[in-house]
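What follows is the content of structure.cif, which has mmCIF, C-alpha atoms:
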```
data_input
loop_
_atom_site.group_PDB
_atom_site.id
_atom_site.type_symbol
_atom_site.label_atom_id
_atom_site.label_comp_id
_atom_site.auth_asym_id
_atom_site.auth_seq_id
_atom_site.Cartn_x
_atom_site.Cartn_y
_atom_site.Cartn_z
ATOM 1 C CA MET A 197 -6.140 23.095 2.280
ATOM 2 C CA GLY A 198 -6.419 20.619 5.157
ATOM 3 C CA ILE A 199 -6.352 21.324 8.874
ATOM 4 C CA PRO A 200 -2.765 20.874 10.157
ATOM 5 C CA MET A 201 -2.183 18.135 12.730
ATOM 6 C CA LEU A 202 -5.750 16.846 12.702
ATOM 7 C CA ALA A 203 -7.077 13.318 12.278
ATOM 8 C CA ILE A 204 -10.601 11.903 12.277
ATOM 9 C CA ASP A 205 -10.671 9.208 14.951
ATOM 10 C CA LEU A 206 -13.287 6.584 14.083
ATOM 11 C CA ILE A 207 -14.426 5.036 17.379
ATOM 12 C CA ASP A 208 -17.597 3.300 16.191
ATOM 13 C CA PRO A 209 -17.402 1.453 12.816
ATOM 14 C CA ALA A 210 -21.106 2.205 12.294
ATOM 15 C CA CYS A 211 -20.129 5.886 11.998
ATOM 16 C CA ALA A 212 -17.687 5.286 9.131
ATOM 17 C CA PRO A 213 -19.754 7.178 6.490
ATOM 18 C CA ARG A 214 -19.845 10.275 8.686
ATOM 19 C CA ALA A 215 -16.126 9.994 9.407
ATOM 20 C CA GLU A 216 -15.380 9.830 5.700
ATOM 21 C CA ARG A 217 -17.509 12.901 5.005
ATOM 22 C CA LEU A 218 -15.689 14.836 7.712
ATOM 23 C CA ALA A 219 -12.318 13.659 6.410
ATOM 24 C CA GLU A 220 -13.136 14.916 2.937
ATOM 25 C CA HIS A 221 -14.468 18.230 4.201
ATOM 26 C CA LEU A 222 -11.558 18.896 6.551
ATOM 27 C CA GLY A 223 -8.784 17.365 4.475
ATOM 28 C CA ALA A 224 -7.765 15.081 7.344
ATOM 29 C CA PRO A 225 -7.001 11.334 7.467
ATOM 30 C CA VAL A 226 -9.243 8.781 9.148
ATOM 31 C CA VAL A 227 -7.570 6.735 11.900
ATOM 32 C CA THR A 228 -8.781 4.189 14.427
ATOM 33 C CA GLY A 229 -7.889 3.890 18.082
ATOM 34 C CA GLY A 230 -6.231 7.300 18.132
ATOM 35 C CA ALA A 231 -3.371 6.096 15.909
ATOM 36 C CA ALA A 232 -2.303 9.558 14.713
ATOM 37 C CA ASP A 233 0.915 11.550 14.628
ATOM 38 C CA GLU A 234 2.200 12.676 18.017
ATOM 39 C CA GLY A 235 0.703 16.010 18.967
ATOM 40 C CA ALA A 236 -2.213 15.727 16.554
ATOM 41 C CA LEU A 237 -5.708 16.773 17.492
ATOM 42 C CA LEU A 238 -8.345 14.066 17.098
ATOM 43 C CA LEU A 239 -11.900 14.742 16.001
ATOM 44 C CA ARG A 240 -13.548 11.634 17.437
ATOM 45 C CA VAL A 241 -16.652 10.169 15.838
ATOM 46 C CA ASP A 242 -18.889 7.782 17.769
ATOM 47 C CA ALA A 243 -22.562 7.075 18.360
ATOM 48 C CA ARG A 244 -22.837 10.032 20.762
ATOM 49 C CA GLY A 245 -21.547 12.503 18.173
ATOM 50 C CA LEU A 246 -18.297 14.440 17.835
ATOM 51 C CA SER A 247 -15.628 15.345 20.357
ATOM 52 C CA LEU A 248 -12.205 16.964 20.155
ATOM 53 C CA ALA A 249 -9.327 15.199 21.887
ATOM 54 C CA GLY A 250 -5.651 15.847 22.477
ATOM 55 C CA GLU A 251 -3.042 16.286 25.205
ATOM 56 C CA GLY A 252 -4.976 13.930 27.489
ATOM 57 C CA MET A 253 -8.126 16.077 27.282
ATOM 58 C CA GLU A 254 -11.441 15.655 25.519
ATOM 59 C CA LEU A 255 -14.114 18.231 24.728
ATOM 60 C CA ARG A 256 -17.648 17.259 23.704
ATOM 61 C CA PRO A 257 -19.875 20.352 23.502
ATOM 62 C CA ASP A 258 -23.328 19.681 24.921
ATOM 63 C CA PHE A 259 -25.965 22.385 25.281
ATOM 64 C CA ALA A 260 -27.755 20.279 27.906
ATOM 65 C CA ASP A 261 -24.943 21.207 30.290
ATOM 66 C CA ARG A 262 -26.159 24.830 30.161
ATOM 67 C CA MET A 263 -29.728 24.159 31.321
ATOM 68 C CA ALA A 264 -29.333 26.017 34.647
ATOM 69 C CA ARG A 265 -28.350 29.243 32.844
ATOM 70 C CA LEU A 266 -31.376 28.966 30.570
ATOM 71 C CA LYS A 267 -33.983 29.307 33.321
ATOM 72 C CA PRO A 268 -36.056 32.468 32.756
ATOM 73 C CA ALA A 269 -35.062 33.922 36.130
ATOM 74 C CA ASN A 270 -31.392 33.508 35.293
ATOM 75 C CA LEU A 271 -31.689 34.760 31.710
ATOM 76 C CA GLY A 272 -33.079 38.056 32.923
ATOM 77 C CA ARG A 273 -29.842 38.695 34.812
ATOM 78 C CA GLU A 274 -27.538 37.961 31.891
ATOM 79 C CA LEU A 275 -25.741 41.112 30.757
ATOM 80 C CA LEU A 276 -25.606 39.858 27.171
ATOM 81 C CA VAL A 277 -29.364 39.347 27.030
ATOM 82 C CA ARG A 278 -29.876 42.875 28.338
ATOM 83 C CA ALA A 279 -27.312 44.280 25.892
ATOM 84 C CA VAL A 280 -29.005 42.935 22.751
ATOM 85 C CA ARG A 281 -32.490 44.148 23.602
ATOM 86 C CA VAL A 282 -34.046 46.348 20.939
ATOM 87 C CA LYS A 283 -36.909 48.659 21.873
ATOM 88 C CA GLY A 284 -40.107 47.612 20.165
ATOM 89 C CA VAL A 285 -38.636 44.330 18.859
ATOM 90 C CA PRO A 286 -39.656 41.404 21.119
ATOM 91 C CA ALA A 287 -37.673 38.782 19.153
ATOM 92 C CA PRO A 288 -34.662 40.491 17.572
ATOM 93 C CA HIS A 289 -32.595 38.836 14.877
ATOM 94 C CA VAL A 290 -29.019 38.657 16.163
ATOM 95 C CA VAL A 291 -26.006 37.736 14.064
ATOM 96 C CA ASP A 292 -23.338 36.162 16.270
ATOM 97 C CA ALA A 293 -20.334 36.829 14.064
ATOM 98 C CA THR A 294 -17.855 34.908 16.244
ATOM 99 C CA ALA A 295 -19.890 31.912 17.410
ATOM 100 C CA GLY A 296 -17.251 29.555 18.809
ATOM 101 C CA LEU A 297 -19.110 26.690 20.474
ATOM 102 C CA GLY A 298 -22.360 28.643 20.582
ATOM 103 C CA ASP A 299 -22.682 29.317 24.322
ATOM 104 C CA ASP A 300 -23.644 32.970 23.884
ATOM 105 C CA ALA A 301 -25.925 32.178 20.945
ATOM 106 C CA LEU A 302 -27.714 29.622 23.115
ATOM 107 C CA LEU A 303 -28.410 32.248 25.792
ATOM 108 C CA LEU A 304 -29.770 34.638 23.185
ATOM 109 C CA ALA A 305 -31.991 32.004 21.576
ATOM 110 C CA ALA A 306 -33.297 30.959 24.996
ATOM 111 C CA ALA A 307 -34.223 34.608 25.572
ATOM 112 C CA GLY A 308 -36.313 34.538 22.384
ATOM 113 C CA CYS A 309 -33.861 35.916 19.815
ATOM 114 C CA ARG A 310 -33.401 34.463 16.359
ATOM 115 C CA VAL A 311 -29.672 33.853 16.032
ATOM 116 C CA THR A 312 -27.549 33.420 12.930
ATOM 117 C CA MET A 313 -24.101 32.106 13.875
ATOM 118 C CA PHE A 314 -20.903 32.434 11.861
ATOM 119 C CA GLU A 315 -17.897 30.266 12.727
ATOM 120 C CA ARG A 316 -14.862 30.435 10.480
ATOM 121 C CA ASP A 317 -12.898 27.444 11.836
ATOM 122 C CA PRO A 318 -14.293 24.301 10.156
ATOM 123 C CA VAL A 319 -13.457 21.966 13.053
ATOM 124 C CA ILE A 320 -15.161 24.186 15.619
ATOM 125 C CA ALA A 321 -18.065 24.607 13.190
ATOM 126 C CA ALA A 322 -18.382 20.800 12.964
ATOM 127 C CA LEU A 323 -18.453 20.487 16.757
ATOM 128 C CA LEU A 324 -21.053 23.251 17.015
ATOM 129 C CA ASP A 325 -23.213 21.754 14.257
ATOM 130 C CA ASP A 326 -23.149 18.387 16.033
ATOM 131 C CA ALA A 327 -24.124 19.943 19.381
ATOM 132 C CA LEU A 328 -26.931 21.838 17.660
ATOM 133 C CA ALA A 329 -28.264 18.673 16.003
ATOM 134 C CA ARG A 330 -28.357 16.866 19.360
ATOM 135 C CA ALA A 331 -30.090 19.831 20.987
ATOM 136 C CA ARG A 332 -32.821 19.709 18.351
ATOM 137 C CA GLU A 333 -33.569 16.133 19.448
ATOM 138 C CA ASP A 334 -33.761 17.080 23.151
ATOM 139 C CA PRO A 335 -37.322 18.109 24.159
ATOM 140 C CA ARG A 336 -35.900 20.592 26.679
ATOM 141 C CA LEU A 337 -33.813 22.364 24.036
ATOM 142 C CA ALA A 338 -35.565 21.752 20.720
ATOM 143 C CA GLY A 339 -37.515 25.013 20.687
ATOM 144 C CA ILE A 340 -34.400 27.020 21.530
ATOM 145 C CA ALA A 341 -32.222 25.214 18.992
ATOM 146 C CA GLU A 342 -34.739 25.851 16.226
ATOM 147 C CA ARG A 343 -34.024 29.569 16.626
ATOM 148 C CA MET A 344 -30.299 28.984 15.963
ATOM 149 C CA ASP A 345 -28.818 28.724 12.470
ATOM 150 C CA LEU A 346 -25.151 28.034 11.716
ATOM 151 C CA ALA A 347 -23.153 29.263 8.744
ATOM 152 C CA GLU A 348 -19.595 27.973 8.403
ATOM 153 C CA GLY A 349 -17.366 30.715 7.079
ATOM 154 C CA ASP A 350 -15.722 34.053 7.755
ATOM 155 C CA SER A 351 -18.214 36.576 9.097
ATOM 156 C CA VAL A 352 -16.265 39.476 7.568
ATOM 157 C CA THR A 353 -17.525 38.157 4.234
ATOM 158 C CA GLY A 354 -20.838 36.778 5.495
ATOM 159 C CA LEU A 355 -21.982 39.996 7.142
ATOM 160 C CA ARG A 356 -21.743 41.787 3.808
ATOM 161 C CA SER A 357 -23.974 39.272 2.039
ATOM 162 C CA LEU A 358 -26.933 38.912 4.410
ATOM 163 C CA ALA A 359 -30.334 38.863 2.732
ATOM 164 C CA GLU A 360 -31.664 41.532 5.102
ATOM 165 C CA PRO A 361 -30.270 43.725 7.907
ATOM 166 C CA PRO A 362 -30.291 42.059 11.316
ATOM 167 C CA ASP A 363 -31.385 43.892 14.429
ATOM 168 C CA VAL A 364 -28.076 43.266 16.210
ATOM 169 C CA VAL A 365 -24.575 42.143 15.283
ATOM 170 C CA TYR A 366 -22.753 40.547 18.223
ATOM 171 C CA LEU A 367 -18.951 40.381 18.273
ATOM 172 C CA ASP A 368 -16.845 38.370 20.704
ATOM 173 C CA PRO A 369 -13.510 38.017 18.909
ATOM 174 C CA MET A 370 -10.572 36.130 20.331
ATOM 175 C CA PHE A 371 -7.533 38.266 21.005
ATOM 176 C CA PRO A 372 -3.895 37.280 21.650
ATOM 177 C CA GLY A 373 -4.005 38.610 25.190
ATOM 178 C CA ARG A 374 -6.811 36.202 26.111
ATOM 179 C CA THR A 375 -5.388 32.952 24.795
ATOM 180 C CA LYS A 376 -3.256 32.198 27.885
ATOM 181 C CA SER A 377 -5.640 33.542 30.508
ATOM 182 C CA ALA A 378 -5.636 31.538 33.722
ATOM 183 C CA ALA A 379 -9.424 31.853 33.695
ATOM 184 C CA VAL A 380 -9.699 29.705 30.588
ATOM 185 C CA LYS A 381 -10.751 26.154 31.447
ATOM 186 C CA LYS A 382 -8.022 23.679 30.660
ATOM 187 C CA LYS A 383 -10.084 21.670 28.188
ATOM 188 C CA PHE A 384 -10.763 24.784 26.116
ATOM 189 C CA GLN A 385 -7.027 25.016 25.465
ATOM 190 C CA LEU A 386 -7.771 22.494 22.721
ATOM 191 C CA LEU A 387 -9.842 25.104 20.897
ATOM 192 C CA HIS A 388 -7.018 27.601 21.110
ATOM 193 C CA ARG A 389 -4.963 25.335 18.881
ATOM 194 C CA LEU A 390 -7.603 25.865 16.202
ATOM 195 C CA GLU A 391 -8.793 29.439 16.685
ATOM 196 C CA ARG A 392 -6.805 32.312 15.258
ATOM 197 C CA PRO A 393 -6.793 35.633 17.108
ATOM 198 C CA CYS A 394 -8.604 38.520 15.491
ATOM 199 C CA GLY A 395 -6.152 39.812 12.923
ATOM 200 C CA ASP A 396 -7.985 42.923 11.781
ATOM 201 C CA GLU A 397 -10.324 44.604 14.258
ATOM 202 C CA GLY A 398 -11.154 47.332 11.757
ATOM 203 C CA ALA A 399 -12.288 44.871 9.091
ATOM 204 C CA LEU A 400 -14.545 43.079 11.574
ATOM 205 C CA MET A 401 -16.120 46.325 12.765
ATOM 206 C CA ASP A 402 -16.537 47.596 9.193
ATOM 207 C CA ALA A 403 -18.276 44.340 8.206
ATOM 208 C CA ALA A 404 -20.587 44.594 11.215
ATOM 209 C CA ARG A 405 -21.553 48.125 10.191
ATOM 210 C CA ALA A 406 -22.003 47.076 6.561
ATOM 211 C CA ALA A 407 -24.740 44.647 7.695
ATOM 212 C CA ARG A 408 -26.775 47.747 8.696
ATOM 213 C CA PRO A 409 -27.973 46.522 12.103
ATOM 214 C CA ARG A 410 -29.790 48.686 14.624
ATOM 215 C CA LYS A 411 -26.827 48.214 16.936
ATOM 216 C CA ILE A 412 -23.564 46.347 17.416
ATOM 217 C CA VAL A 413 -22.756 44.674 20.732
ATOM 218 C CA VAL A 414 -19.120 43.873 21.514
ATOM 219 C CA LYS A 415 -17.940 41.629 24.357
ATOM 220 C CA ARG A 416 -14.715 42.870 25.934
ATOM 221 C CA PRO A 417 -12.632 42.185 29.035
ATOM 222 C CA ALA A 418 -13.902 44.493 31.785
ATOM 223 C CA LYS A 419 -10.905 46.817 31.461
ATOM 224 C CA GLY A 420 -10.072 46.074 27.819
ATOM 225 C CA PRO A 421 -9.824 48.699 25.068
ATOM 226 C CA TYR A 422 -12.658 49.443 22.671
ATOM 227 C CA LEU A 423 -12.775 47.213 19.589
ATOM 228 C CA ALA A 424 -11.097 49.025 16.685
ATOM 229 C CA GLY A 425 -11.089 52.144 18.837
ATOM 230 C CA VAL A 426 -14.849 52.653 18.367
ATOM 231 C CA LYS A 427 -16.407 54.312 21.412
ATOM 232 C CA PRO A 428 -19.781 52.768 22.332
ATOM 233 C CA SER A 429 -23.030 54.610 22.914
ATOM 234 C CA HIS A 430 -23.150 52.902 26.314
ATOM 235 C CA SER A 431 -21.789 49.819 28.072
ATOM 236 C CA LEU A 432 -23.000 47.169 30.495
ATOM 237 C CA ALA A 433 -20.171 46.005 32.743
ATOM 238 C CA GLY A 434 -19.698 43.078 35.075
ATOM 239 C CA LYS A 435 -16.685 42.029 37.130
ATOM 240 C CA ALA A 436 -14.940 40.161 34.317
ATOM 241 C CA VAL A 437 -16.561 41.296 31.060
ATOM 242 C CA ARG A 438 -18.104 44.371 29.512
ATOM 243 C CA PHE A 439 -20.637 44.669 26.687
ATOM 244 C CA ASP A 440 -20.157 47.763 24.541
ATOM 245 C CA CYS A 441 -23.304 48.814 22.673
ATOM 246 C CA ILE A 442 -22.858 50.861 19.498
ATOM 247 C CA ALA A 443 -25.978 52.472 18.043
ATOM 248 C CA CYS A 444 -26.230 52.316 14.250
ATOM 249 C CA PRO A 445 -28.840 54.771 12.937
ATOM 250 C CA ARG A 446 -30.405 53.551 9.697
#
```
Can you turn what I pasted into structure tokens?
Amino acid sequence: MGIPMLAIDLIDPACAPRAERLAEHLGAPVVTGGAADEGALLLRVDARGLSLAGEGMELRPDFADRMARLKPANLGRELLVRAVRVKGVPAPHVVDATAGLGDDALLLAAAGCRVTMFERDPVIAALLDDALARAREDPRLAGIAERMDLAEGDSVTGLRSLAEPPDVVYLDPMFPGRTKSAAVKKKFQLLHRLERPCGDEGALMDAARAARPRKIVVKRPAKGPYLAGVKPSHSLAGKAVRFDCIACPR
């Protein structure tokens, strides 16, 4: 089944083979010059990589834009980095079950974690894969990017078929109450036309537990309810977000 209201916008003719591969994978037509149906999202393909365009906005994920957050002094203050720490494990394996554009996974990899990312939306997965490939060619990011692996697909299924238990499963699901938040940058509204809110919190939590990690870390709004009603062992809270840590004895 194809992605509704999506077209592959071929900007550079030299990128035609890649555009055709994406069109086949996503079930979307190839157009040139943005000549698509009104209201369609465009996955643009040019020499710089992939970008998502629509409604007068364009989003091109680029991990190089996050360099300031990746400085060791800054990483040590990140609540997420603190939340995923595992005693006696200097480089924990973290499964990011709701990867999105990989911002959180990047922080974790920069902190030394090995990160397996699951992203169920194929368009977002394509954007993330492209950003990851460019990062691997950037000397400043190559070592970090090599610790990041992407799997396109639903993590509810993927978590149950891992070859070995990870140290941590990280969950940051999208919820209906967050999709219209004024805090969301305007350009990321494009992603909200692709992402589907978490439909079954219980299934996601059950899958995370089935992976048999040492702990599960859940990102929540600071005053939001617990995911699937599961009370954490402890939490790390900031002004806007909270990380609930759930111990999982093996």
Would you kindly return, as JSON, numbers by chain, each protein, DNA or RNA residue with an atom no farther than 12 Å from any atom of Arg214 (chain A), considering all atoms listed in the file and excluding same-chain residues fewer than 2 positions away?
{"A": [204, 205, 206, 207, 208, 209, 210, 211, 212, 216, 217, 218, 219, 220, 221, 226, 239, 240, 241, 242, 243, 245, 246, 322, 326]}
Report as a PyMOL selection string all protein, DNA and RNA residues lying within 10 Å of Arg343 (chain A), evaluated on all atoms listed in the file, omitting residues in the same chain fewer than 6 positions from it.
chain A and resi 289+301-302+304-306+308-312
Check which residues satisfy the PyMOL selection byres ((chain A and resi 252) around 12) in the file shown, then give them as a count of residues only.
17
Starting from the displayed file, determine the output of the PyMOL selection byres ((chain A and resi 399) around 12) and express the residue list as JSON, numbers by chain.
{"A": [350, 351, 352, 353, 355, 356, 394, 395, 396, 397, 398, 400, 401, 402, 403, 404, 405, 406, 423, 424]}
CA of Arg281 (chain A) to CA of Tyr422 (chain A), distance in Å rounded to a single decimal:
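CA of Tyr422 (chain A) lies at a distance of 20.5 Å from CA of Arg281 (chain A).
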Here's the selection I'm unsure about, the PyMOL selection byres ((chain A and resi 317) around 9); applied to the file above, which residues does it give, as a PyMOL selection string?
chain A and resi 296+315-316+318-322+348-350+390-392
Keeping only C-alpha atoms, take the residues you just selected and write them out as a short mmCIF file (atom, residue, chain, number, x, y, z; two decimals), in the coordinates of the input.
```cif
data_model
loop_
_atom_site.label_atom_id
_atom_site.label_comp_id
_atom_site.auth_asym_id
_atom_site.auth_seq_id
_atom_site.Cartn_x
_atom_site.Cartn_y
_atom_site.Cartn_z
CA GLY A 296 -17.25 29.56 18.81
CA GLU A 315 -17.90 30.27 12.73
CA ARG A 316 -14.86 30.44 10.48
CA PRO A 318 -14.29 24.30 10.16
CA VAL A 319 -13.46 21.97 13.05
CA ILE A 320 -15.16 24.19 15.62
CA ALA A 321 -18.07 24.61 13.19
CA ALA A 322 -18.38 20.80 12.96
CA GLU A 348 -19.60 27.97 8.40
CA GLY A 349 -17.37 30.72 7.08
CA ASP A 350 -15.72 34.05 7.76
CA LEU A 390 -7.60 25.86 16.20
CA GLU A 391 -8.79 29.44 16.68
CA ARG A 392 -6.80 32.31 15.26
#
```
May I ask for the distance between CA of Ala203 (chain A) and CA of Pro225 (chain A), given in Å to one decimal place?
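CA of Pro225 (chain A) lies 5.2 Å from CA of Ala203 (chain A).
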To box region 313-328 of chain A, take all atoms listed in the file, fit an axis-aligned box, add 4 Å on each side, and give centre and edge lengths in Å to one decimal, as JSON.
```
{"center_x": -19.9, "center_y": 25.4, "center_z": 14.8, "size_x": 22.0, "size_y": 22.0, "size_z": 17.2}
```
Among listed residues A:Leu271, A:Ala443, A:Val290, A:Val364, nearest His430 (chain A) (using only C-alpha atoms)
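Comparing A:Leu271, A:Ala443, A:Val290, A:Val364 against His430 (chain A), the winner is A:Ala443.
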Smallest atom-to-atom distance to Ser429 (chain A): which of A:Cys441, A:Val227, A:Leu275, A:Ala347, using all atoms listed in the file?
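Counting all atoms listed in the file, the residue closest to Ser429 (chain A) is A:Cys441.
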Counting all atoms listed in the file, which of A:Pro361, A:Arg273, A:Ser431, A:Ala260 gets nearest to Pro335 (chain A)?
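Using all atoms listed in the file, Pro335 (chain A) sits closest to A:Ala260.
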Neighbouring residues of Leu297 (chain A) were defined as those with any atom within 10 Å, considering all atoms listed in the file; residues of the same chain fewer than 6 positions away were excluded. Please report them as a ChimeraX atom specification.
/A:257-259,313,315,320-325,327-328,387
So, with only C-alpha atoms as the atoms that count, which of A:Arg389, A:Lys411, A:Val437, A:Tyr366 lies closest to Lys283 (chain A)?
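Closest candidate: A:Lys411.
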Smallest atom-to-atom distance to Ala295 (chain A): which of A:Ala329, A:Leu367, A:Leu276, A:Leu266, using only C-alpha atoms?
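Of all the options, A:Leu367 lies closest to Ala295 (chain A).
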For CA of Lys435 (chain A) and CA of Asp300 (chain A), the interatomic separation in Å (one decimal)
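Value for the CA of Lys435 (chain A)-CA of Asp300 (chain A) distance: 17.5 Å.
Minimum atom-to-atom distances from A:Ala279, A:Cys444, A:Leu358, A:Met263 to Ile340 (chain A) were compared using all atoms listed in the file, and the lowest value belongs to A:Met263.
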Fix up region 424-439 of chain A with N, CA, C and O atoms, then write it as a PDB file, keeping the file's coordinate frame.
```pdb
ATOM      1  N   ALA A 424     -11.440  48.139  17.804  1.00  0.00           N
ATOM      2  CA  ALA A 424     -11.097  49.025  16.685  1.00  0.00           C
ATOM      3  C   ALA A 424     -11.157  50.498  17.083  1.00  0.00           C
ATOM      4  O   ALA A 424     -11.303  51.373  16.229  1.00  0.00           O
ATOM      5  N   GLY A 425     -11.073  50.762  18.373  1.00  0.00           N
ATOM      6  CA  GLY A 425     -11.089  52.144  18.837  1.00  0.00           C
ATOM      7  C   GLY A 425     -12.436  52.831  18.760  1.00  0.00           C
ATOM      8  O   GLY A 425     -12.523  54.049  18.938  1.00  0.00           O
ATOM      9  N   VAL A 426     -13.520  52.066  18.518  1.00  0.00           N
ATOM     10  CA  VAL A 426     -14.849  52.653  18.367  1.00  0.00           C
ATOM     11  C   VAL A 426     -15.512  52.801  19.738  1.00  0.00           C
ATOM     12  O   VAL A 426     -15.769  51.809  20.422  1.00  0.00           O
ATOM     13  N   LYS A 427     -15.788  54.037  20.117  1.00  0.00           N
ATOM     14  CA  LYS A 427     -16.407  54.312  21.412  1.00  0.00           C
ATOM     15  C   LYS A 427     -17.890  53.950  21.371  1.00  0.00           C
ATOM     16  O   LYS A 427     -18.606  54.356  20.454  1.00  0.00           O
ATOM     17  N   PRO A 428     -18.375  53.180  22.345  1.00  0.00           N
ATOM     18  CA  PRO A 428     -19.781  52.768  22.332  1.00  0.00           C
ATOM     19  C   PRO A 428     -20.718  53.878  22.765  1.00  0.00           C
ATOM     20  O   PRO A 428     -20.314  54.863  23.385  1.00  0.00           O
ATOM     21  N   SER A 429     -21.990  53.705  22.445  1.00  0.00           N
ATOM     22  CA  SER A 429     -23.030  54.610  22.914  1.00  0.00           C
ATOM     23  C   SER A 429     -23.203  54.452  24.423  1.00  0.00           C
ATOM     24  O   SER A 429     -23.416  55.420  25.145  1.00  0.00           O
ATOM     25  N   HIS A 430     -23.135  53.197  24.884  1.00  0.00           N
ATOM     26  CA  HIS A 430     -23.150  52.902  26.314  1.00  0.00           C
ATOM     27  C   HIS A 430     -22.612  51.493  26.514  1.00  0.00           C
ATOM     28  O   HIS A 430     -22.435  50.738  25.538  1.00  0.00           O
ATOM     29  N   SER A 431     -22.334  51.140  27.762  1.00  0.00           N
ATOM     30  CA  SER A 431     -21.789  49.819  28.072  1.00  0.00           C
ATOM     31  C   SER A 431     -22.501  49.227  29.279  1.00  0.00           C
ATOM     32  O   SER A 431     -23.009  49.955  30.141  1.00  0.00           O
ATOM     33  N   LEU A 432     -22.534  47.904  29.329  1.00  0.00           N
ATOM     34  CA  LEU A 432     -23.000  47.169  30.495  1.00  0.00           C
ATOM     35  C   LEU A 432     -21.812  46.372  31.009  1.00  0.00           C
ATOM     36  O   LEU A 432     -21.261  45.543  30.278  1.00  0.00           O
ATOM     37  N   ALA A 433     -21.405  46.612  32.236  1.00  0.00           N
ATOM     38  CA  ALA A 433     -20.171  46.005  32.743  1.00  0.00           C
ATOM     39  C   ALA A 433     -20.419  45.105  33.942  1.00  0.00           C
ATOM     40  O   ALA A 433     -21.209  45.436  34.832  1.00  0.00           O
ATOM     41  N   GLY A 434     -19.732  43.967  33.928  1.00  0.00           N
ATOM     42  CA  GLY A 434     -19.698  43.078  35.075  1.00  0.00           C
ATOM     43  C   GLY A 434     -18.292  43.063  35.650  1.00  0.00           C
ATOM     44  O   GLY A 434     -17.457  43.892  35.282  1.00  0.00           O
ATOM     45  N   LYS A 435     -18.008  42.093  36.519  1.00  0.00           N
ATOM     46  CA  LYS A 435     -16.685  42.029  37.130  1.00  0.00           C
ATOM     47  C   LYS A 435     -15.610  41.601  36.140  1.00  0.00           C
ATOM     48  O   LYS A 435     -14.485  42.085  36.191  1.00  0.00           O
ATOM     49  N   ALA A 436     -15.956  40.697  35.226  1.00  0.00           N
ATOM     50  CA  ALA A 436     -14.940  40.161  34.317  1.00  0.00           C
ATOM     51  C   ALA A 436     -15.104  40.633  32.883  1.00  0.00           C
ATOM     52  O   ALA A 436     -14.120  40.719  32.149  1.00  0.00           O
ATOM     53  N   VAL A 437     -16.327  40.929  32.459  1.00  0.00           N
ATOM     54  CA  VAL A 437     -16.561  41.296  31.060  1.00  0.00           C
ATOM     55  C   VAL A 437     -17.398  42.564  30.969  1.00  0.00           C
ATOM     56  O   VAL A 437     -18.066  42.970  31.934  1.00  0.00           O
ATOM     57  N   ARG A 438     -17.340  43.150  29.794  1.00  0.00           N
ATOM     58  CA  ARG A 438     -18.104  44.371  29.512  1.00  0.00           C
ATOM     59  C   ARG A 438     -18.740  44.229  28.137  1.00  0.00           C
ATOM     60  O   ARG A 438     -18.116  43.687  27.212  1.00  0.00           O
ATOM     61  N   PHE A 439     -19.973  44.697  27.982  1.00  0.00           N
ATOM     62  CA  PHE A 439     -20.637  44.669  26.687  1.00  0.00           C
ATOM     63  C   PHE A 439     -20.803  46.110  26.199  1.00  0.00           C
ATOM     64  O   PHE A 439     -21.541  46.895  26.802  1.00  0.00           O
TER      65      PHE A 439
END
```
